[in-house]
Amino acid sequence: MDQEQNTCAMATDASAARTPSLIVELNDRAADVLRQLFFRGPTWDGDVSSKSGRDDLIRYGLATAHEGYQQLTLSGLKVALANGLDRAKERKERELSAALAAYRSA
């Protein structure tokens with residue numbers, strides 16, 4: 001599989017009453033922005049890791065832009081959860097808590 005297209009995602013077909021129905025391949029830039037928006041929430045335009053990745057997410061209905069900020073849509077959130085980003089976030093938080101506890105006890 002081409003390295004640029006390695007993340008599967010479901011986009012929402014607006015004509016199908018918001019039912020996930022379209023499978024798209026996200027390139028690495030779009031996948032990075034999806035992760036960024038999931039972990040950080042609404043993000044200022046100047047801080048988005050890739051403008052072209054953001055544009056792809058908006059085109060697929062996975063993100064939206066408003067007054068200089070980008071954020072995931074409900075479909076984008078569902079894609080992030082379906083790809084295990086919630087578990088990655090929990091793991092990252094546990095590791096940070098363990099490192100902080102070790103630092104405090106030293």
# chains A, B, ... in the order shown; residues from 1 in each chain; ligands from 1

call {"tool": "residues_around", "arguments": {"residues": "Thr64 in chain A", "least_positions_apart": "3", "cutoff": "10 Å", "atoms": "only C-alpha atoms", "output": "number ranges by chain"}}
result
A: 42, 54-55, 57-61, 69-73, 76

call {"tool": "write_last_selection", "arguments": {"atoms": "all heavy atoms", "output": "compact mmCIF listing (two decimals), in the first residue's frame"}}
result
# COMPACT_ATOMS: atom_id res chain seq x y z
N PRO A 42 -10.06 22.34 18.94
CA PRO A 42 -10.01 23.42 17.95
C PRO A 42 -8.61 24.05 17.92
O PRO A 42 -8.04 24.35 18.96
CB PRO A 42 -11.06 24.41 18.44
CG PRO A 42 -12.03 23.55 19.19
CD PRO A 42 -11.18 22.50 19.86
N ARG A 54 -5.49 19.70 6.19
CA ARG A 54 -6.71 20.29 6.71
C ARG A 54 -7.76 20.43 5.62
O ARG A 54 -8.93 20.10 5.81
CB ARG A 54 -6.40 21.67 7.30
CG ARG A 54 -7.62 22.38 7.86
CD ARG A 54 -7.78 23.83 7.50
NE ARG A 54 -7.24 24.26 6.26
CZ ARG A 54 -6.58 25.41 6.11
NH1 ARG A 54 -6.35 26.19 7.16
NH2 ARG A 54 -6.15 25.77 4.94
N ASP A 55 -7.33 20.90 4.44
CA ASP A 55 -8.25 21.06 3.32
C ASP A 55 -8.87 19.73 2.92
O ASP A 55 -10.05 19.66 2.60
CB ASP A 55 -7.54 21.70 2.13
CG ASP A 55 -7.14 23.14 2.40
OD1 ASP A 55 -7.64 23.75 3.38
OD2 ASP A 55 -6.30 23.67 1.63
N LEU A 57 -9.40 17.13 4.93
CA LEU A 57 -10.38 16.77 5.96
C LEU A 57 -11.68 17.56 5.78
O LEU A 57 -12.77 17.00 5.91
CB LEU A 57 -9.82 17.02 7.35
CG LEU A 57 -8.67 16.13 7.80
CD1 LEU A 57 -8.22 16.52 9.20
CD2 LEU A 57 -9.04 14.66 7.75
N ILE A 58 -11.55 18.84 5.46
CA ILE A 58 -12.75 19.66 5.23
C ILE A 58 -13.51 19.14 4.01
O ILE A 58 -14.73 19.00 4.03
CB ILE A 58 -12.37 21.14 5.09
CG1 ILE A 58 -11.89 21.68 6.45
CG2 ILE A 58 -13.54 21.96 4.56
CD1 ILE A 58 -11.29 23.07 6.39
N ARG A 59 -12.78 18.81 2.94
CA ARG A 59 -13.41 18.30 1.72
C ARG A 59 -14.17 16.99 2.00
O ARG A 59 -15.25 16.77 1.45
CB ARG A 59 -12.36 18.10 0.64
CG ARG A 59 -12.91 17.66 -0.70
CD ARG A 59 -11.91 17.60 -1.84
NE ARG A 59 -10.55 17.19 -1.49
CZ ARG A 59 -9.50 18.01 -1.34
NH1 ARG A 59 -9.66 19.32 -1.48
NH2 ARG A 59 -8.31 17.55 -1.04
N TYR A 60 -13.63 16.14 2.87
CA TYR A 60 -14.28 14.86 3.20
C TYR A 60 -15.35 15.01 4.28
O TYR A 60 -15.99 14.03 4.66
CB TYR A 60 -13.25 13.84 3.67
CG TYR A 60 -12.25 13.44 2.63
CD1 TYR A 60 -10.90 13.31 2.97
CD2 TYR A 60 -12.62 13.19 1.32
CE1 TYR A 60 -9.96 12.93 2.03
CE2 TYR A 60 -11.68 12.83 0.37
CZ TYR A 60 -10.36 12.69 0.74
OH TYR A 60 -9.43 12.33 -0.21
N GLY A 61 -15.52 16.22 4.82
CA GLY A 61 -16.53 16.42 5.86
C GLY A 61 -16.08 15.97 7.24
O GLY A 61 -16.90 15.78 8.13
N TYR A 69 -10.20 29.05 13.10
CA TYR A 69 -10.00 27.81 13.85
C TYR A 69 -10.52 26.61 13.08
O TYR A 69 -11.51 26.72 12.34
CB TYR A 69 -10.71 27.86 15.21
CG TYR A 69 -9.99 28.72 16.21
CD1 TYR A 69 -10.26 30.08 16.29
CD2 TYR A 69 -9.03 28.18 17.05
CE1 TYR A 69 -9.59 30.88 17.20
CE2 TYR A 69 -8.36 28.97 17.97
CZ TYR A 69 -8.64 30.32 18.03
OH TYR A 69 -7.98 31.11 18.93
N GLN A 70 -9.88 25.48 13.23
CA GLN A 70 -10.30 24.21 12.64
C GLN A 70 -10.68 23.27 13.77
O GLN A 70 -10.05 23.29 14.83
CB GLN A 70 -9.17 23.56 11.85
CG GLN A 70 -8.84 24.17 10.54
CD GLN A 70 -8.30 25.59 10.62
OE1 GLN A 70 -8.73 26.41 9.86
NE2 GLN A 70 -7.38 25.91 11.51
N GLN A 71 -11.69 22.44 13.53
CA GLN A 71 -12.06 21.41 14.49
C GLN A 71 -12.68 20.24 13.76
O GLN A 71 -13.12 20.38 12.62
CB GLN A 71 -13.02 21.96 15.54
CG GLN A 71 -14.38 22.36 14.99
CD GLN A 71 -15.25 22.97 16.06
OE1 GLN A 71 -14.77 23.45 17.08
NE2 GLN A 71 -16.54 22.97 15.84
N LEU A 72 -12.69 19.10 14.44
CA LEU A 72 -13.31 17.92 13.84
C LEU A 72 -14.82 18.06 13.84
O LEU A 72 -15.41 18.65 14.75
CB LEU A 72 -12.93 16.66 14.63
CG LEU A 72 -11.48 16.23 14.58
CD1 LEU A 72 -11.27 14.99 15.45
CD2 LEU A 72 -11.03 15.97 13.15
N THR A 73 -15.44 17.51 12.83
CA THR A 73 -16.89 17.38 12.81
C THR A 73 -17.24 16.10 13.56
O THR A 73 -16.34 15.34 13.98
CB THR A 73 -17.42 17.26 11.36
OG1 THR A 73 -16.85 16.08 10.78
CG2 THR A 73 -17.07 18.50 10.53
N GLY A 76 -15.64 13.35 11.80
CA GLY A 76 -14.21 13.30 12.07
C GLY A 76 -13.93 12.66 13.41
O GLY A 76 -12.98 11.88 13.56

call {"tool": "residues_around", "arguments": {"residues": "Phe38 in chain A", "least_positions_apart": "3", "cutoff": "8 Å", "atoms": "only C-alpha atoms", "output": "list in words"}}
result
Leu34, Arg35, Gly41, Leu72, Leu77, Ala80 and Leu85 of chain A

call {"tool": "write_last_selection", "arguments": {"atoms": "all heavy atoms", "output": "PDB file, in the first residue's frame"}}
result
ATOM      1  N   LEU A  34      -5.820  15.142  11.441  1.00  0.00           N
ATOM      2  CA  LEU A  34      -6.894  14.470  12.171  1.00  0.00           C
ATOM      3  C   LEU A  34      -6.444  14.171  13.599  1.00  0.00           C
ATOM      4  O   LEU A  34      -7.157  14.468  14.565  1.00  0.00           O
ATOM      5  CB  LEU A  34      -7.303  13.173  11.457  1.00  0.00           C
ATOM      6  CG  LEU A  34      -8.431  12.403  12.127  1.00  0.00           C
ATOM      7  CD1 LEU A  34      -9.770  12.983  11.706  1.00  0.00           C
ATOM      8  CD2 LEU A  34      -8.369  10.939  11.773  1.00  0.00           C
ATOM      9  N   ARG A  35      -5.245  13.610  13.747  1.00  0.00           N
ATOM     10  CA  ARG A  35      -4.706  13.333  15.080  1.00  0.00           C
ATOM     11  C   ARG A  35      -4.538  14.630  15.876  1.00  0.00           C
ATOM     12  O   ARG A  35      -4.896  14.697  17.056  1.00  0.00           O
ATOM     13  CB  ARG A  35      -3.363  12.606  14.981  1.00  0.00           C
ATOM     14  CG  ARG A  35      -3.501  11.139  14.685  1.00  0.00           C
ATOM     15  CD  ARG A  35      -2.161  10.419  14.793  1.00  0.00           C
ATOM     16  NE  ARG A  35      -1.260  10.744  13.690  1.00  0.00           N
ATOM     17  CZ  ARG A  35      -1.280  10.163  12.510  1.00  0.00           C
ATOM     18  NH1 ARG A  35      -2.155   9.209  12.254  1.00  0.00           N
ATOM     19  NH2 ARG A  35      -0.429  10.518  11.565  1.00  0.00           N
ATOM     20  N   GLY A  41      -8.002  19.557  20.086  1.00  0.00           N
ATOM     21  CA  GLY A  41      -9.265  20.272  19.945  1.00  0.00           C
ATOM     22  C   GLY A  41      -9.147  21.368  18.901  1.00  0.00           C
ATOM     23  O   GLY A  41      -8.231  21.356  18.074  1.00  0.00           O
ATOM     24  N   LEU A  72     -12.694  19.101  14.436  1.00  0.00           N
ATOM     25  CA  LEU A  72     -13.305  17.918  13.844  1.00  0.00           C
ATOM     26  C   LEU A  72     -14.819  18.061  13.838  1.00  0.00           C
ATOM     27  O   LEU A  72     -15.406  18.647  14.748  1.00  0.00           O
ATOM     28  CB  LEU A  72     -12.932  16.659  14.630  1.00  0.00           C
ATOM     29  CG  LEU A  72     -11.480  16.231  14.577  1.00  0.00           C
ATOM     30  CD1 LEU A  72     -11.267  14.990  15.446  1.00  0.00           C
ATOM     31  CD2 LEU A  72     -11.034  15.972  13.153  1.00  0.00           C
ATOM     32  N   LEU A  77     -14.742  12.990  14.411  1.00  0.00           N
ATOM     33  CA  LEU A  77     -14.596  12.382  15.731  1.00  0.00           C
ATOM     34  C   LEU A  77     -14.831  10.873  15.652  1.00  0.00           C
ATOM     35  O   LEU A  77     -14.079  10.084  16.239  1.00  0.00           O
ATOM     36  CB  LEU A  77     -15.564  13.026  16.717  1.00  0.00           C
ATOM     37  CG  LEU A  77     -15.547  12.469  18.127  1.00  0.00           C
ATOM     38  CD1 LEU A  77     -14.169  12.627  18.769  1.00  0.00           C
ATOM     39  CD2 LEU A  77     -16.608  13.146  18.975  1.00  0.00           C
ATOM     40  N   ALA A  80     -11.794   9.262  14.157  1.00  0.00           N
ATOM     41  CA  ALA A  80     -10.703   9.221  15.130  1.00  0.00           C
ATOM     42  C   ALA A  80     -10.925   8.093  16.132  1.00  0.00           C
ATOM     43  O   ALA A  80      -9.996   7.329  16.438  1.00  0.00           O
ATOM     44  CB  ALA A  80     -10.592  10.569  15.838  1.00  0.00           C
ATOM     45  N   LEU A  85      -7.777   6.424  18.296  1.00  0.00           N
ATOM     46  CA  LEU A  85      -7.081   7.576  18.851  1.00  0.00           C
ATOM     47  C   LEU A  85      -7.456   7.828  20.306  1.00  0.00           C
ATOM     48  O   LEU A  85      -6.651   8.372  21.061  1.00  0.00           O
ATOM     49  CB  LEU A  85      -7.328   8.819  18.005  1.00  0.00           C
ATOM     50  CG  LEU A  85      -6.688   8.803  16.613  1.00  0.00           C
ATOM     51  CD1 LEU A  85      -6.914  10.129  15.910  1.00  0.00           C
ATOM     52  CD2 LEU A  85      -5.211   8.494  16.687  1.00  0.00           C
TER      53      LEU A  85
END

call {"tool": "atom_distance", "arguments": {"atom1": "CA of Arg94 in chain A", "atom2": "CA of Ala106 in chain A"}}
result
18.4 Å

call {"tool": "residues_around", "arguments": {"residues": "Gly68 in chain A", "least_positions_apart": "3", "cutoff": "12 Å", "atoms": "only C-alpha atoms", "output": "list in words"}}
result
Pro42, Thr43, Trp44, Asp45, Gly46, Asp47, Val48, Thr64, Ala65 and Gln71 of chain A

call {"tool": "closest_residue", "arguments": {"among": "A:Ser75, A:Asn83, A:Lys89, A:Leu96", "to": "Arg40 in chain A", "atoms": "only C-alpha atoms"}}
result
A:Lys89

call {"tool": "closest_residue", "arguments": {"among": "A:Asp32, A:Ala99, A:Phe39, A:Arg104", "to": "Arg87 in chain A", "atoms": "only C-alpha atoms"}}
result
A:Phe39
